[in-house]
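K.L.:
Sharing entry-v9.txt, compact mmCIF, C-alpha atoms and all ligand atoms:
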```txt
# COMPACT_ATOMS: atom_id res chain seq x y z
CA MET A 840 144.04 85.39 114.68
CA ALA A 841 147.62 86.45 114.84
CA THR A 842 150.46 84.00 114.92
CA GLU A 843 152.79 84.14 117.90
CA ASP A 844 155.42 86.39 116.42
CA GLN A 845 152.73 88.77 115.19
CA ASP A 846 151.52 89.17 118.74
CA LEU A 847 154.83 90.67 119.74
CA GLU A 848 154.79 93.54 117.28
CA MET A 849 152.11 96.05 116.35
CA PRO A 850 150.33 94.94 113.21
CA GLU A 851 150.87 97.43 110.39
CA GLY A 852 148.02 99.52 109.07
CA SER A 853 148.07 98.10 105.54
CA VAL A 854 147.33 94.96 103.54
CA GLN A 855 151.05 94.31 103.05
CA ASN A 856 150.73 91.08 105.08
CA ILE A 857 148.26 89.71 102.52
CA LEU A 858 150.60 90.51 99.64
CA GLU A 859 153.51 88.89 101.46
CA GLN A 860 151.74 85.68 102.46
CA GLU A 861 152.76 83.62 99.46
CA SER A 862 150.87 80.52 100.57
CA LEU A 863 147.45 82.25 100.37
CA LYS A 864 145.12 80.66 97.85
CA TRP A 865 141.67 82.01 98.82
CA VAL A 866 141.05 85.60 99.91
CA PHE A 867 137.48 86.45 100.91
CA VAL A 868 136.41 90.08 101.10
CA GLY A 869 133.15 90.72 102.92
CA GLY A 870 131.10 93.16 104.94
CA LYS A 871 127.74 94.86 104.95
CA GLY A 872 126.10 96.41 101.89
CA GLY A 873 127.72 99.39 100.18
CA VAL A 874 130.78 99.70 102.44
CA GLY A 875 133.24 99.11 99.59
CA LYS A 876 133.67 95.34 99.24
CA THR A 877 133.82 95.39 95.46
CA THR A 878 136.20 98.36 95.43
CA CYS A 879 138.49 96.73 98.00
CA SER A 880 138.46 93.26 96.46
CA SER A 881 139.15 94.72 93.00
CA ILE A 882 142.11 96.70 94.33
CA LEU A 883 143.43 93.69 96.26
CA SER A 884 143.31 91.62 93.09
CA ILE A 885 145.21 94.36 91.22
CA LEU A 886 147.86 94.47 93.96
CA LEU A 887 148.11 90.68 94.08
CA ALA A 888 148.53 90.57 90.30
CA LYS A 889 151.79 92.48 90.80
CA VAL A 890 153.29 89.80 93.03
CA ARG A 891 151.61 86.59 91.82
CA PRO A 892 151.79 84.74 88.50
CA SER A 893 147.98 84.70 88.08
CA VAL A 894 144.99 86.07 89.96
CA LEU A 895 141.26 85.42 89.61
CA ILE A 896 138.63 87.64 91.16
CA ILE A 897 135.15 86.11 91.54
CA SER A 898 131.99 87.95 92.46
CA THR A 899 129.44 85.77 94.24
CA ASP A 900 127.05 88.67 94.69
CA PRO A 901 123.88 88.25 92.61
CA ALA A 902 123.96 92.04 92.07
CA HIS A 903 127.24 91.89 90.23
CA ASN A 904 129.36 94.95 90.34
CA LEU A 905 132.84 93.91 89.27
CA SER A 906 131.73 95.08 85.84
CA ASP A 907 131.03 98.53 87.31
CA ALA A 908 134.30 98.70 89.21
CA PHE A 909 136.46 97.67 86.24
CA GLN A 910 134.12 99.21 83.65
CA GLN A 911 134.24 95.98 81.69
CA ARG A 912 131.67 93.26 81.13
CA PHE A 913 132.35 89.91 82.80
CA THR A 914 130.59 86.54 82.59
CA LYS A 915 130.62 83.25 84.44
CA THR A 916 133.83 82.23 82.70
CA PRO A 917 137.10 83.94 83.66
CA THR A 918 137.90 86.90 81.40
CA LEU A 919 141.20 88.76 81.25
CA VAL A 920 140.84 92.24 82.74
CA ASN A 921 141.78 94.94 80.21
CA GLY A 922 145.28 96.24 80.71
CA PHE A 923 146.49 93.14 82.59
CA SER A 924 148.18 89.94 81.49
CA ASN A 925 147.55 87.87 84.63
CA LEU A 926 144.34 89.21 86.22
CA TYR A 927 141.05 87.49 85.41
CA ALA A 928 137.53 88.20 86.60
CA MET A 929 134.27 86.21 86.65
CA GLU A 930 130.78 86.76 88.03
CA VAL A 931 128.79 83.78 89.24
CA ASP A 932 125.25 83.72 90.45
CA PRO A 933 124.97 81.46 93.48
CA ASN A 934 121.18 81.32 93.12
CA VAL A 935 121.09 79.78 89.68
CA GLU A 936 121.51 76.06 89.45
CA ASN A 937 124.23 75.04 87.08
CA GLU A 938 122.67 74.04 83.76
CA GLU A 939 125.74 72.06 82.77
CA MET A 940 124.85 69.35 85.26
CA GLY A 941 123.30 67.51 82.33
CA SER A 942 120.21 65.46 83.01
CA SER A 943 116.78 64.75 81.63
CA GLU A 944 113.88 67.10 82.22
CA GLY A 945 111.99 64.67 84.44
CA MET A 946 115.06 64.21 86.54
CA ASP A 947 115.58 67.94 86.83
CA SER A 948 112.09 68.58 88.08
CA LEU A 949 112.26 65.68 90.52
CA PHE A 950 115.64 66.86 91.62
CA SER A 951 114.60 70.46 92.08
CA GLU A 952 111.52 69.30 94.00
CA LEU A 953 113.82 67.48 96.37
CA ALA A 954 116.27 70.35 96.38
CA ASN A 955 113.47 72.69 97.40
CA ALA A 956 112.87 70.48 100.40
CA ILE A 957 116.38 71.17 101.61
CA PRO A 958 116.92 74.93 101.98
CA GLY A 959 120.17 76.23 100.59
CA ILE A 960 121.05 73.05 98.75
CA ASP A 961 120.68 74.57 95.28
CA GLU A 962 123.12 77.27 96.18
CA ALA A 963 125.46 74.80 97.82
CA MET A 964 125.51 72.67 94.69
CA SER A 965 126.26 75.52 92.32
CA PHE A 966 128.91 76.89 94.68
CA ALA A 967 130.51 73.44 94.77
CA GLU A 968 130.37 73.21 90.97
CA MET A 969 132.04 76.60 90.70
CA LEU A 970 134.77 75.66 93.16
CA LYS A 971 135.37 72.41 91.35
CA LEU A 972 135.81 74.33 88.11
CA VAL A 973 138.05 77.00 89.64
CA GLN A 974 140.28 74.40 91.27
CA THR A 975 141.12 72.85 87.93
CA MET A 976 142.16 76.24 86.55
CA ASP A 977 145.36 76.63 88.53
CA TYR A 978 145.24 80.30 89.58
CA SER A 979 147.88 81.35 92.07
CA VAL A 980 145.33 83.14 94.24
CA ILE A 981 141.55 83.61 94.10
CA VAL A 982 139.86 86.70 95.52
CA PHE A 983 136.13 86.57 96.38
CA ASP A 984 134.02 89.69 96.26
CA THR A 985 131.23 88.34 98.43
CA ALA A 986 127.64 89.41 98.87
CA PRO A 987 126.65 91.32 102.02
CA THR A 988 127.33 89.53 105.29
CA GLY A 989 124.50 87.04 105.82
CA HIS A 990 124.92 85.60 102.38
CA THR A 991 128.67 85.06 102.72
CA LEU A 992 128.34 83.17 105.94
CA ARG A 993 125.76 80.95 104.31
CA LEU A 994 128.29 80.05 101.63
CA LEU A 995 130.73 79.02 104.31
CA GLN A 996 128.10 76.82 105.94
CA PHE A 997 127.50 74.79 102.79
CA PRO A 998 129.35 71.67 103.85
CA SER A 999 126.96 71.19 106.74
CA THR A 1000 123.99 72.09 104.53
CA LEU A 1001 125.02 69.33 102.16
CA GLU A 1002 125.53 66.91 104.98
CA LYS A 1003 122.00 67.59 106.20
CA GLY A 1004 120.73 67.22 102.64
CA LEU A 1005 122.30 63.82 102.34
CA GLU A 1006 120.84 62.69 105.63
CA LYS A 1007 117.40 63.82 104.54
CA MET A 1008 117.70 61.96 101.25
CA MET A 1009 118.84 58.83 103.04
CA SER A 1010 115.90 58.94 105.42
CA LEU A 1011 113.51 59.55 102.52
CA LYS A 1012 114.99 56.55 100.79
CA SER A 1013 114.50 54.26 103.74
CA LYS A 1014 111.05 55.65 104.56
CA PHE A 1015 109.58 55.30 101.12
CA GLY A 1016 111.59 52.28 100.12
CA GLY A 1017 110.70 51.22 96.64
CA LEU A 1018 108.29 54.10 96.01
CA MET A 1019 110.91 56.32 94.53
CA SER A 1020 112.26 53.71 92.17
CA GLN A 1021 108.66 52.86 91.17
CA MET A 1022 108.14 56.52 90.46
CA THR A 1023 111.24 56.83 88.38
CA ARG A 1024 110.14 53.78 86.41
CA LEU A 1025 106.65 55.23 86.08
CA PHE A 1026 108.08 58.43 84.61
CA GLY A 1027 110.24 56.40 82.27
CA MET A 1028 113.52 57.32 83.85
CA ASP A 1029 116.20 54.68 83.86
CA ASP A 1030 118.64 53.97 86.66
CA GLU A 1031 120.92 56.73 85.50
CA PHE A 1032 118.38 59.23 86.82
CA GLY A 1033 117.07 57.24 89.74
CA GLU A 1034 117.48 58.13 93.37
CA ASP A 1035 120.89 56.47 93.45
CA ALA A 1036 122.06 58.89 90.80
CA ILE A 1037 120.75 61.79 92.85
CA LEU A 1038 122.57 60.49 95.90
CA GLY A 1039 125.67 59.97 93.79
CA ARG A 1040 125.57 63.55 92.66
CA LEU A 1041 125.18 64.79 96.20
CA GLU A 1042 128.03 62.56 97.36
CA GLY A 1043 130.23 63.94 94.57
CA MET A 1044 129.45 67.51 95.59
CA LYS A 1045 130.07 66.67 99.19
CA ASP A 1046 133.48 65.38 98.32
CA VAL A 1047 134.44 68.61 96.52
CA ILE A 1048 133.02 70.82 99.20
CA GLU A 1049 134.70 68.86 101.98
CA ARG A 1050 138.06 69.24 100.31
CA VAL A 1051 137.48 72.94 99.78
CA ASN A 1052 136.19 73.36 103.30
CA LYS A 1053 139.42 71.88 104.62
CA GLN A 1054 141.31 74.48 102.60
CA PHE A 1055 139.05 77.30 103.84
CA LYS A 1056 139.87 76.35 107.42
CA ASP A 1057 143.61 76.39 106.81
CA PRO A 1058 145.00 79.85 107.69
CA ASP A 1059 147.98 79.24 105.41
CA LEU A 1060 145.62 79.00 102.46
CA THR A 1061 142.63 81.16 103.34
CA THR A 1062 141.88 84.46 104.99
CA PHE A 1063 138.84 86.70 105.27
CA ILE A 1064 139.17 90.48 105.01
CA CYS A 1065 136.41 92.45 106.71
CA VAL A 1066 135.46 95.75 105.09
CA CYS A 1067 133.52 98.28 107.13
CA ILE A 1068 132.95 101.98 107.74
CA PRO A 1069 133.45 103.89 111.01
CA GLU A 1070 129.83 103.82 112.14
CA PHE A 1071 127.96 102.03 114.91
CA LEU A 1072 126.08 99.52 112.75
CA SER A 1073 129.16 98.61 110.80
CA LEU A 1074 131.21 98.10 113.96
CA TYR A 1075 128.45 95.88 115.29
CA GLU A 1076 128.21 93.88 112.04
CA THR A 1077 131.97 93.48 111.88
CA GLU A 1078 132.04 92.03 115.38
CA ARG A 1079 129.28 89.61 114.44
CA LEU A 1080 131.16 88.65 111.28
CA VAL A 1081 134.44 88.10 113.13
CA GLN A 1082 132.64 85.92 115.69
CA GLU A 1083 130.93 83.83 113.01
CA LEU A 1084 134.22 83.39 111.17
CA THR A 1085 135.84 82.24 114.39
CA LYS A 1086 132.98 79.79 114.86
CA PHE A 1087 133.56 78.40 111.36
CA GLU A 1088 137.32 78.37 112.05
CA ILE A 1089 138.06 80.75 109.22
CA ASP A 1090 141.12 82.92 109.64
CA THR A 1091 140.65 86.69 109.74
CA HIS A 1092 143.18 89.31 110.77
CA ASN A 1093 142.62 92.21 108.38
CA ILE A 1094 140.04 94.95 108.64
CA ILE A 1095 139.66 97.70 106.08
CA ILE A 1096 137.85 100.77 107.39
CA ASN A 1097 136.61 102.64 104.34
CA GLN A 1098 135.14 106.10 103.86
CA VAL A 1099 137.13 107.69 106.67
CA LEU A 1100 137.00 111.49 106.92
CA PHE A 1101 140.44 112.85 107.67
CA ASP A 1102 141.17 116.09 109.44
CA GLU A 1103 142.42 117.96 106.40
CA ASP A 1104 143.24 121.65 106.57
CA ASP A 1105 140.37 122.70 104.40
CA VAL A 1106 137.64 120.95 106.40
CA GLU A 1107 135.48 123.78 107.61
CA SER A 1108 131.98 122.41 107.33
CA LYS A 1109 130.37 121.97 110.75
CA LEU A 1110 128.65 118.86 109.49
CA LEU A 1111 131.93 117.29 108.37
CA ILE A 1112 133.64 118.17 111.62
CA ALA A 1113 130.79 116.58 113.60
CA ARG A 1114 130.90 113.46 111.40
CA MET A 1115 134.65 113.32 111.85
CA ARG A 1116 134.25 113.32 115.64
CA MET A 1117 131.64 110.59 115.42
CA GLN A 1118 133.91 108.51 113.18
CA GLN A 1119 136.81 108.98 115.59
CA LYS A 1120 134.74 107.45 118.37
CA TYR A 1121 134.15 104.30 116.34
CA LEU A 1122 137.70 104.24 114.97
CA ASP A 1123 138.98 104.19 118.56
CA GLN A 1124 136.66 101.27 119.29
CA PHE A 1125 137.84 99.37 116.22
CA TYR A 1126 141.46 99.79 117.33
CA MET A 1127 140.59 98.71 120.84
CA LEU A 1128 138.58 95.64 119.85
CA TYR A 1129 140.94 94.49 117.10
CA ASP A 1130 144.37 95.34 118.41
CA ASP A 1131 145.85 92.20 116.84
CA PHE A 1132 144.36 92.92 113.39
CA HIS A 1133 145.93 94.78 110.50
CA ILE A 1134 143.64 97.77 110.23
CA THR A 1135 143.79 99.73 106.98
CA LYS A 1136 142.03 103.11 106.88
CA LEU A 1137 140.87 104.46 103.53
CA PRO A 1138 139.83 108.06 102.92
CA LEU A 1139 136.37 108.96 101.67
CA LEU A 1140 136.90 110.45 98.23
CA PRO A 1141 134.78 113.20 96.69
CA GLU A 1142 134.14 110.89 93.70
CA GLU A 1143 133.41 107.20 93.03
CA VAL A 1144 136.24 104.74 92.53
CA THR A 1145 135.46 103.25 89.13
CA GLY A 1146 137.68 102.17 86.27
CA VAL A 1147 141.14 100.58 86.39
CA GLU A 1148 142.92 103.95 86.65
CA ALA A 1149 140.89 105.10 89.66
CA LEU A 1150 141.32 101.71 91.32
CA LYS A 1151 145.08 101.76 90.73
CA SER A 1152 145.39 105.27 92.06
CA PHE A 1153 143.34 104.43 95.18
CA SER A 1154 145.42 101.27 95.72
CA ARG A 1155 148.33 103.25 97.18
CA HIS A 1156 146.36 103.72 100.41
CA PHE A 1157 146.29 99.94 100.82
CA ILE A 1158 150.08 99.91 101.10
CA THR A 1159 151.01 103.21 102.74
CA PRO A 1160 148.69 104.62 105.39
CA TYR A 1161 146.86 107.73 104.18
CA GLU A 1162 148.30 111.05 105.39
CA PRO A 1163 145.89 113.97 105.48
CA SER A 1164 147.27 117.26 104.21
CA THR A 1165 148.29 119.15 107.36
CA SER A 1166 149.61 122.63 107.98
CA LYS A 1167 153.15 121.49 107.29
CA GLY A 1168 152.68 122.97 103.79
CA THR A 1169 154.73 125.47 101.79
CA VAL A 1170 154.79 129.24 102.43
CA GLU A 1171 152.39 129.76 99.52
CA GLU A 1172 149.94 127.22 100.94
CA LEU A 1173 150.06 128.87 104.33
CA GLU A 1174 149.57 132.32 102.78
CA GLN A 1175 146.59 131.01 100.88
CA ARG A 1176 145.17 129.52 104.05
CA VAL A 1177 145.65 132.77 106.00
CA SER A 1178 143.93 134.75 103.28
CA SER A 1179 141.05 132.27 103.12
CA LEU A 1180 140.63 132.44 106.91
CA ARG A 1181 140.79 136.28 106.76
CA GLN A 1182 138.08 136.23 104.11
CA GLN A 1183 135.93 133.98 106.31
CA LEU A 1184 136.47 136.26 109.29
CA ASN A 1185 135.43 139.27 107.19
CA ASP A 1186 132.32 137.44 106.01
CA ALA A 1187 131.41 136.43 109.55
CA GLU A 1188 131.90 140.00 110.81
CA ALA A 1189 129.74 141.36 108.02
CA GLU A 1190 127.07 138.79 108.85
CA LEU A 1191 127.21 139.74 112.53
CA GLU A 1192 126.92 143.40 111.63
CA ARG A 1193 123.85 142.68 109.49
CA LEU A 1194 122.23 140.69 112.30
CA ARG A 1195 122.90 143.49 114.81
CA LYS A 1196 121.39 146.08 112.48
CA GLY A 1197 118.34 143.86 111.88
CA LYS A 1198 117.86 143.53 115.67
CA GLN A 1199 118.02 147.33 116.12
CA VAL A 1200 115.41 147.88 113.42
CA ALA A 1201 113.16 145.29 115.04
N1 LIG B 1 136.57 105.59 99.81
C1 LIG B 1 135.64 105.85 98.91
N2 LIG B 1 135.39 107.12 98.52
C2 LIG B 1 134.45 107.39 97.62
N3 LIG B 1 133.68 106.47 97.01
C3 LIG B 1 133.87 105.19 97.35
C4 LIG B 1 134.85 104.79 98.30
N4 LIG B 1 134.81 103.44 98.41
C5 LIG B 1 133.84 103.02 97.59
N5 LIG B 1 133.28 104.04 96.93
C6 LIG B 1 132.17 104.02 95.97
O1 LIG B 1 131.01 103.63 96.70
C7 LIG B 1 130.19 102.77 95.94
C8 LIG B 1 129.98 101.46 96.67
O2 LIG B 1 131.23 100.78 96.76
P1 LIG B 1 131.33 99.22 96.45
O3 LIG B 1 130.56 98.88 95.25
O4 LIG B 1 132.77 98.87 96.48
O5 LIG B 1 130.60 98.69 97.75
P2 LIG B 1 130.07 97.20 98.04
O6 LIG B 1 130.30 96.96 99.48
O7 LIG B 1 130.65 96.25 97.08
O8 LIG B 1 128.53 97.39 97.76
P3 LIG B 1 127.42 96.22 97.58
O9 LIG B 1 127.11 95.73 98.96
O10 LIG B 1 126.28 96.93 96.95
O11 LIG B 1 128.05 95.18 96.71
C9 LIG B 1 130.88 102.63 94.60
O12 LIG B 1 130.31 103.52 93.71
C10 LIG B 1 132.34 103.00 94.89
O13 LIG B 1 132.96 103.56 93.75
MG MG B 2 129.76 94.91 95.73
```
Write out the structure in this file as structure tokens.
Ligand SMILES: Nc1ncnc2c1ncn2[C@@H]1O[C@H](COP(=O)(O)OP(=O)(O)OP(=O)(O)O)[C@@H](O)[C@H]1O
Ligand SMILES: [Mg+2]
P.N.:
Amino acid sequence: MATEDQDLEMPEGSVQNILEQESLKWVFVGGKGGVGKTTCSSILSILLAKVRPSVLIISTDPAHNLSDAFQQRFTKTPTLVNGFSNLYAMEVDPNVENEEMGSSEGMDSLFSELANAIPGIDEAMSFAEMLKLVQTMDYSVIVFDTAPTGHTLRLLQFPSTLEKGLEKMMSLKSKFGGLMSQMTRLFGMDDEFGEDAILGRLEGMKDVIERVNKQFKDPDLTTFICVCIPEFLSLYETERLVQELTKFEIDTHNIIINQVLFDEDDVESKLLIARMRMQQKYLDQFYMLYDDFHITKLPLLPEEVTGVEALKSFSRHFITPYEPSTSKGTVEELEQRVSSLRQQLNDAEAELERLRKGKQVA
């Protein structure tokens, strides 16, 4: 959602706007599986580390891959990324309930029984715990490498999940009256672990998550960057994602289209040329649908983008739009190209000759 003055000018094809928006505190990076979320969020965190005092990148994907991208092991506590003085990374598992919540075993099993009755509440609680922790740590900006689409949107729905959870608990409490407190007494749990304590814990979480939710809905503080590839399914998923984000009132005005095939001079493969045409069709649609978004196109590389050096080198395409090598080359390059084309022509003629001869024989 562009602001008024952005509407007047063409948005630039880079992530420069993200780097310049000094008020940003939370940057979500999301999209469907394998499109390049981890690569893009890692590079964004590297770029942000150049202009911000401190940056934290968090992976909320259970299949953690920040460790792969940076080629360094990370844990659920922020660790300084090798080669940086202000870039930290952590990997949290949204499916595992936080063990540091501290309670007796009986309480835990009762609590997880109840938690099981409210889908998504476990995840909501541990996400809230994580946010509570991160908020006390005073990072200038926090980048989220999120799990594939469905999962991310669930994270953003947590405040309402918790609200429903609380309602359910309240109704259980009134329905079964003293039964629960009898049970807690029966199992030898004191008031500290009774149903009031459970409600207290939920209320506490709700408080944190409500505060965070308010921040997530503030476009000065939060934005969501959609990563995709120029293919039908990805275009479709991106549109769904953008609509959901709009529904949750979460700002989004950047799209990164990864794995783009550019029309380089040396592209001769028929397959590549066909793929390029197909991509162009979807690229045109992206530009048409999202004319008020900053759309960054990234080239498909022949190799993976792993390790800090590769990430840093790839990061230049986030700032300056990628230029394919075109025939504006030097005399030597042109000569080389002419000779390579001549060679191809010779090969094709020889092949044709062979085919003709074969036909005559037959
Ligand atoms: N433009 C590119 N050119 C070549 N390889 C790329 C490019 N972008 C990403 N990759 C590689 O593709 C693989 C998948 O990228 P990445 O891990 O960033 O995707 P992801 O969206 O995070 O995947 P997942 O959904 O599994 O978390 C990685 O090995 C990465 O190095
Ligand atoms: Mg990933």
K.L.:
To one decimal place, how far is CA of Ser853 (chain A) from atom N1 of ligand LIG 1 (chain B) in Å?
P.N.:
14.9 Å
K.L.:
For ligand LIG 1 (chain B), list the contacting residues at 6 Å or closer, counting all atoms listed in the file, as a ChimeraX atom specification.
P.N.:
/A:872-878,987,1097-1098,1137-1145
K.L.:
Write out the residues from the selection above, keeping C-alpha atoms, as a compact mmCIF listing (two decimals), keeping the file's coordinate frame.
P.N.:
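The result, stored in again20.txt:
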```txt
# COMPACT_ATOMS: atom_id res chain seq x y z
CA GLY A 872 126.10 96.41 101.89
CA GLY A 873 127.72 99.39 100.18
CA VAL A 874 130.78 99.70 102.44
CA GLY A 875 133.24 99.11 99.59
CA LYS A 876 133.67 95.34 99.24
CA THR A 877 133.82 95.39 95.46
CA THR A 878 136.20 98.36 95.43
CA PRO A 987 126.65 91.32 102.02
CA ASN A 1097 136.61 102.64 104.34
CA GLN A 1098 135.14 106.10 103.86
CA LEU A 1137 140.87 104.46 103.53
CA PRO A 1138 139.83 108.06 102.92
CA LEU A 1139 136.37 108.96 101.67
CA LEU A 1140 136.90 110.45 98.23
CA PRO A 1141 134.78 113.20 96.69
CA GLU A 1142 134.14 110.89 93.70
CA GLU A 1143 133.41 107.20 93.03
CA VAL A 1144 136.24 104.74 92.53
CA THR A 1145 135.46 103.25 89.13
```
K.L.:
Would you mind reading off the distance between CA of Ser1073 (chain A) and CA of Gly870 (chain A), one decimal, in Å?
P.N.:
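CA of Gly870 (chain A) lies at a distance of 8.2 Å from CA of Ser1073 (chain A).
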K.L.:
Would you write out, as CSV, a table of all residues in chain A that have an atom no more than 12 Å from an atom of ligand MG 2 (chain B), listing for each the closest atom pair and the distance in Å to one decimal, considering all atoms listed in the file and ordering rows by chain and rising residue number?
P.N.:
```
residue,atom,partner,partner_atom,distance
A:Val868,CA,B:MG2,MG,9.8
A:Gly869,CA,B:MG2,MG,9.0
A:Gly870,CA,B:MG2,MG,9.5
A:Lys871,CA,B:MG2,MG,9.4
A:Gly872,CA,B:MG2,MG,7.3
A:Gly873,CA,B:MG2,MG,6.6
A:Val874,CA,B:MG2,MG,8.3
A:Gly875,CA,B:MG2,MG,6.7
A:Lys876,CA,B:MG2,MG,5.3
A:Thr877,CA,B:MG2,MG,4.1
A:Thr878,CA,B:MG2,MG,7.3
A:Cys879,CA,B:MG2,MG,9.2
A:Ser880,CA,B:MG2,MG,8.9
A:Ser881,CA,B:MG2,MG,9.8
A:Ile897,CA,B:MG2,MG,11.1
A:Ser898,CA,B:MG2,MG,8.0
A:Thr899,CA,B:MG2,MG,9.3
A:Asp900,CA,B:MG2,MG,6.9
A:Pro901,CA,B:MG2,MG,9.4
A:Ala902,CA,B:MG2,MG,7.4
A:His903,CA,B:MG2,MG,6.8
A:Asn904,CA,B:MG2,MG,5.4
A:Leu905,CA,B:MG2,MG,7.2
A:Ser906,CA,B:MG2,MG,10.1
A:Asp907,CA,B:MG2,MG,9.3
A:Ala908,CA,B:MG2,MG,8.8
A:Phe909,CA,B:MG2,MG,11.9
A:Glu930,CA,B:MG2,MG,11.3
A:Phe983,CA,B:MG2,MG,10.5
A:Asp984,CA,B:MG2,MG,6.8
A:Thr985,CA,B:MG2,MG,7.3
A:Ala986,CA,B:MG2,MG,6.7
A:Pro987,CA,B:MG2,MG,7.9
A:Thr988,CA,B:MG2,MG,11.2
A:Val1066,CA,B:MG2,MG,11.0
```
K.L.:
One decimal, Å: what's the distance from CA of Lys1045 (chain A) over to CA of Pro1058 (chain A), could you say?
P.N.:
21.7 Å
K.L.:
Find the residues around Ala967 (chain A) up to 7 Å (all atoms listed in the file counted), leave out those fewer than 5 positions away in its own chain, and share them as a list in words.
P.N.:
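Residues near the query, excluding close chain neighbours: Met1044, Val1047 and Ile1048 of chain A.
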K.L.:
Using only C-alpha atoms, which protein or nucleic acid residues come within 9 Å of region 918-928 of chain A? Drop anything in the same chain fewer than 2 positions from it, and give the result as a VMD selection string.
P.N.:
chain A and resid 884 to 885 887 to 889 891 to 898 905 909 911 to 916 930 1147
K.L.:
Set the distance at 9 Å and use only C-alpha atoms: which residues neighbour Glu859 (chain A) once local chain neighbours fewer than 4 positions away are removed? I'd like the list as a list in words.
P.N.:
Val854, Gln855 and Val890 of chain A
K.L.:
Neighbours of Gln974 (chain A) within 12 Å (only C-alpha atoms; same-chain residues fewer than 2 positions away dropped), as number ranges by chain?
P.N.:
A: 864-865, 895, 967-972, 976-981, 1047-1048, 1050-1051, 1054
K.L.:
Write the residues of the selection above to a file with C-alpha atoms, as a PDB file, in the frame of the given file.
P.N.:
```pdb
ATOM      1  CA  LYS A 864     145.120  80.660  97.850  1.00  0.00           C
ATOM      2  CA  TRP A 865     141.670  82.010  98.820  1.00  0.00           C
ATOM      3  CA  LEU A 895     141.260  85.420  89.610  1.00  0.00           C
ATOM      4  CA  ALA A 967     130.510  73.440  94.770  1.00  0.00           C
ATOM      5  CA  GLU A 968     130.370  73.210  90.970  1.00  0.00           C
ATOM      6  CA  MET A 969     132.040  76.600  90.700  1.00  0.00           C
ATOM      7  CA  LEU A 970     134.770  75.660  93.160  1.00  0.00           C
ATOM      8  CA  LYS A 971     135.370  72.410  91.350  1.00  0.00           C
ATOM      9  CA  LEU A 972     135.810  74.330  88.110  1.00  0.00           C
ATOM     10  CA  MET A 976     142.160  76.240  86.550  1.00  0.00           C
ATOM     11  CA  ASP A 977     145.360  76.630  88.530  1.00  0.00           C
ATOM     12  CA  TYR A 978     145.240  80.300  89.580  1.00  0.00           C
ATOM     13  CA  SER A 979     147.880  81.350  92.070  1.00  0.00           C
ATOM     14  CA  VAL A 980     145.330  83.140  94.240  1.00  0.00           C
ATOM     15  CA  ILE A 981     141.550  83.610  94.100  1.00  0.00           C
ATOM     16  CA  VAL A1047     134.440  68.610  96.520  1.00  0.00           C
ATOM     17  CA  ILE A1048     133.020  70.820  99.200  1.00  0.00           C
ATOM     18  CA  ARG A1050     138.060  69.240 100.310  1.00  0.00           C
ATOM     19  CA  VAL A1051     137.480  72.940  99.780  1.00  0.00           C
ATOM     20  CA  GLN A1054     141.310  74.480 102.600  1.00  0.00           C
TER      21      GLN A1054
END
```
K.L.:
Write out as a PDB file with C-alpha atoms, keeping the file's coordinate frame each polymer residue whose atoms come within 9 Å of Cys1065 (chain A), counting all atoms listed in the file; drop sequence neighbours fewer than 6 positions from it.
P.N.:
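Contents of around-v9.pdb, as written:
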```
ATOM      1  CA  PHE A 867     137.480  86.450 100.910  1.00  0.00           C
ATOM      2  CA  VAL A 868     136.410  90.080 101.100  1.00  0.00           C
ATOM      3  CA  GLY A 869     133.150  90.720 102.920  1.00  0.00           C
ATOM      4  CA  GLY A 870     131.100  93.160 104.940  1.00  0.00           C
ATOM      5  CA  LYS A 876     133.670  95.340  99.240  1.00  0.00           C
ATOM      6  CA  THR A1077     131.970  93.480 111.880  1.00  0.00           C
ATOM      7  CA  LEU A1080     131.160  88.650 111.280  1.00  0.00           C
ATOM      8  CA  VAL A1081     134.440  88.100 113.130  1.00  0.00           C
ATOM      9  CA  THR A1091     140.650  86.690 109.740  1.00  0.00           C
ATOM     10  CA  HIS A1092     143.180  89.310 110.770  1.00  0.00           C
ATOM     11  CA  ASN A1093     142.620  92.210 108.380  1.00  0.00           C
ATOM     12  CA  ILE A1094     140.040  94.950 108.640  1.00  0.00           C
ATOM     13  CA  ILE A1095     139.660  97.700 106.080  1.00  0.00           C
ATOM     14  CA  ILE A1096     137.850 100.770 107.390  1.00  0.00           C
TER      15      ILE A1096
END
```
